[in-house]
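Trainee: Right, I'll just put the structure down here and ask away after.
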Amino acid sequence: MDPSAAAAAADDDDYQATTGGMEPRGEEDNGASTRGVTGRLLAWRGEEEDDDDAEDSGGGSGAGANAEEDDAASAVSLDTISNDSILLPPEPTGANLASLLRARKLILVVDLDHTLINSTRFAHLSDDEKANGFTERTGDDRSRGLFRMGLFRMITKLRPFVHEFLREASAMFEMHVYTLGNRNYATAVAKLLDPDGAYFGERIISSGESSQPDRKSLGDVFGWAPEMERAAVVILDDTAEVWKGYRDNLIEMERYLYFASSRGKFGIAARSLAERNRDESEREGALAVALRVLRRVHGEFFSGSVCSGSFADVREVIRQARREVLRGCTVAFTGVIPSGNGGRASDHPVWRRAEQLGATCADDVGEGVTHVVAGKPVTRKALWAQTHGKFLVDTEWINAAHFRWSKPEERMYPVKGEH
């Protein structure tokens with residue numbers, strides 16, 4: 001999500017979603033099927049097609065070993081798969097997509113603000129941040145990923161691991177920037193991330209090119225978004241709400257809120273990372289997690305294409321990977337989902353999120369329940385969990401699983417309140 005809905009007001013966006021925000025039930029996908037699309041194996045020999053010079057058709061998968069390392073669960077090593085065997089979708093397919101697939105590359109669309117970077121205006125720095133050396137006179141500190149954006153009267157902080165992330169992701173994906181910020185701001189930030197233009201080139205979509213001021217569309221990225229292109233696109237963004245119709249392509253990022261002004265905007269009262277002189281972990285932070293997921297998606301997409309005899313779909317790979325996170329957990333809720341008002345518990349976002357992560361949700365406690373997610377520790381269900389040796393966790397346990405793509409340690413998410 002981009003705080004720069006207008007360039008100079010880079011941290012004055014109107015979005016109110018929280019870090020643990022959940023998508024509503026009934027999200028439509030514009031009629032798109034997420035099943036594998038029947039395709040055909042092309043014995044490509046160069047003379048059969050004339051799109052060798054399509055943009056970014058350079059080879060190199062960069063993902064064979066990494067996909068195996070991150071449990072891509074493939075019976076075929078990508079290193080043994082020749083470009084002649086890559087399964088291409090039926091026509092019509094853009095020449096660039098066909099060329100990318102032969103090079104064993106997919107397409108990655110990335111957001112900027114709160115996903116790869118965090119910016120704040122000089123005027124919005126807190127007293128504690130100023131005491132830690134963040135001022136209008138602060139200069140660039142590349143070792144910390146800090147840059148003074150004088151033209152915009154801002155400081156920009158790069159997210160830890162971002163350079164390693166971009167380098168490794170570029171071996172598997174053609175990357176595009178899509179921000180709802182102003183073009184000048186977007187170009188300036190992209191230059192910080194990619195000074196030589198090796199990752200994004202001119203592939204930058206800003207508010208000026210977006211067809212809607214508060215929505216993002218793959219149609220704005222490609223000029224059109226046919227089913228085949230959508231089946232090969234992964235989106236990395238901290239705000240699911242702007243991608244209506246494309247949620248199945250989305251890996252939702254935990255927001256990077258380094259500065260106090262950004263935390264305050266999303267209703268987070270805790271002191272900022274800048275105020276505490278701390279930062280995300282490089283190796284266990286959000287971008288490291290995202291890279292592991294991207295390796296898996298890339299590895300399973302291409303190994304699946306060769307083995308299954310049908311054109312793979314990143315949306316199905318993402319969905320299946322997500323379902324493994326809480327597989328084997330049976331969850332009951334208490335003090336979390338409002339009762340009455342004619343609504344069904346299964347329609348609530350927290351219930352939906354748990355199911356998307358592979359958990360089984362129960363209306364009440366019982367023998368098969370493994371976890372009780374509670375808003376307070378003294379309800380009937382919460383007390384049952386404590387007396388029956390079941391896990392009693394806060395709702396943030398589910399949110400953490402969603403963003404970390406792994407089952408969190410239950411002891412880290414105790415239910416707070418009066419016992």
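Ligands are numbered from 1 in the order shown, residues from 1 within each chain, and chains are lettered A, B, ... in the order they appear in the structure tokens.
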If we count only C-alpha atoms, what is near stretch 315-332 of chain A at a cut-off of 6 Å, once residues fewer than 6 positions away on the same chain are taken out, given as a VMD selection string?
Mentor: chain A and resid 34 248 to 249 297 356 to 362 364 369 to 372 405 to 407
Trainee: Would you write out those residues with C-alpha atoms, as a short mmCIF file (atom, residue, chain, number, x, y, z; two decimals), in the first residue's frame?
Mentor:
data_model
loop_
_atom_site.label_atom_id
_atom_site.label_comp_id
_atom_site.auth_asym_id
_atom_site.auth_seq_id
_atom_site.Cartn_x
_atom_site.Cartn_y
_atom_site.Cartn_z
CA THR A 34 -7.89 -20.92 -11.03
CA ASP A 248 -5.62 -15.26 -5.76
CA ASN A 249 -2.45 -13.84 -7.33
CA VAL A 297 5.72 -20.95 -6.41
CA GLN A 356 -7.65 -20.39 3.80
CA LEU A 357 -4.65 -21.39 5.91
CA GLY A 358 -5.91 -24.98 6.00
CA ALA A 359 -7.45 -25.05 9.48
CA THR A 360 -10.79 -26.68 10.22
CA CYS A 361 -13.12 -24.26 12.02
CA ALA A 362 -15.57 -25.55 14.63
CA ASP A 364 -18.05 -25.15 19.45
CA VAL A 369 -10.49 -28.98 18.75
CA THR A 370 -6.77 -28.21 18.99
CA HIS A 371 -6.88 -24.41 19.38
CA VAL A 372 -9.26 -21.88 20.87
CA TRP A 405 3.43 -18.72 5.97
CA SER A 406 4.14 -21.06 8.88
CA LYS A 407 2.42 -22.07 12.10
#
Trainee: Can you tell me, as a count of residues only, which residues in stretch 146-293 of chain A count as strand (DSSP E) by DSSP?
Mentor: 25
Trainee: List every residue of stretch 184-395 of chain A that DSSP, applied to the backbone of this structure, places in alpha helix (DSSP H), and write the result as a VMD selection string.
Mentor: chain A and resid 184 to 193 218 to 222 227 to 230 260 to 265 273 to 276 286 to 308 314 to 323 349 to 356 380 to 387
Trainee: With only C-alpha atoms as the basis for distance, which of A:Ala274, A:Ala269, A:Ala171, A:Ala401 is at the shortest distance from A:Ile155?
Mentor: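 Comparing A:Ala274, A:Ala269, A:Ala171, A:Ala401 against A:Ile155, the winner is A:Ala274.
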Trainee: What separation in Å, quoted to one decimal, exists between atom CA of A:Gly366 and atom CA of A:Thr379?
Mentor: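 Interatomic distance, atom CA of A:Gly366 to atom CA of A:Thr379: 15.0 Å.
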Trainee: Find the distance between atom CA of A:Phe161 and atom CA of A:Met412 and write it in Å to one decimal.
Mentor: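 Separation between atom CA of A:Phe161 and atom CA of A:Met412: 24.4 Å.
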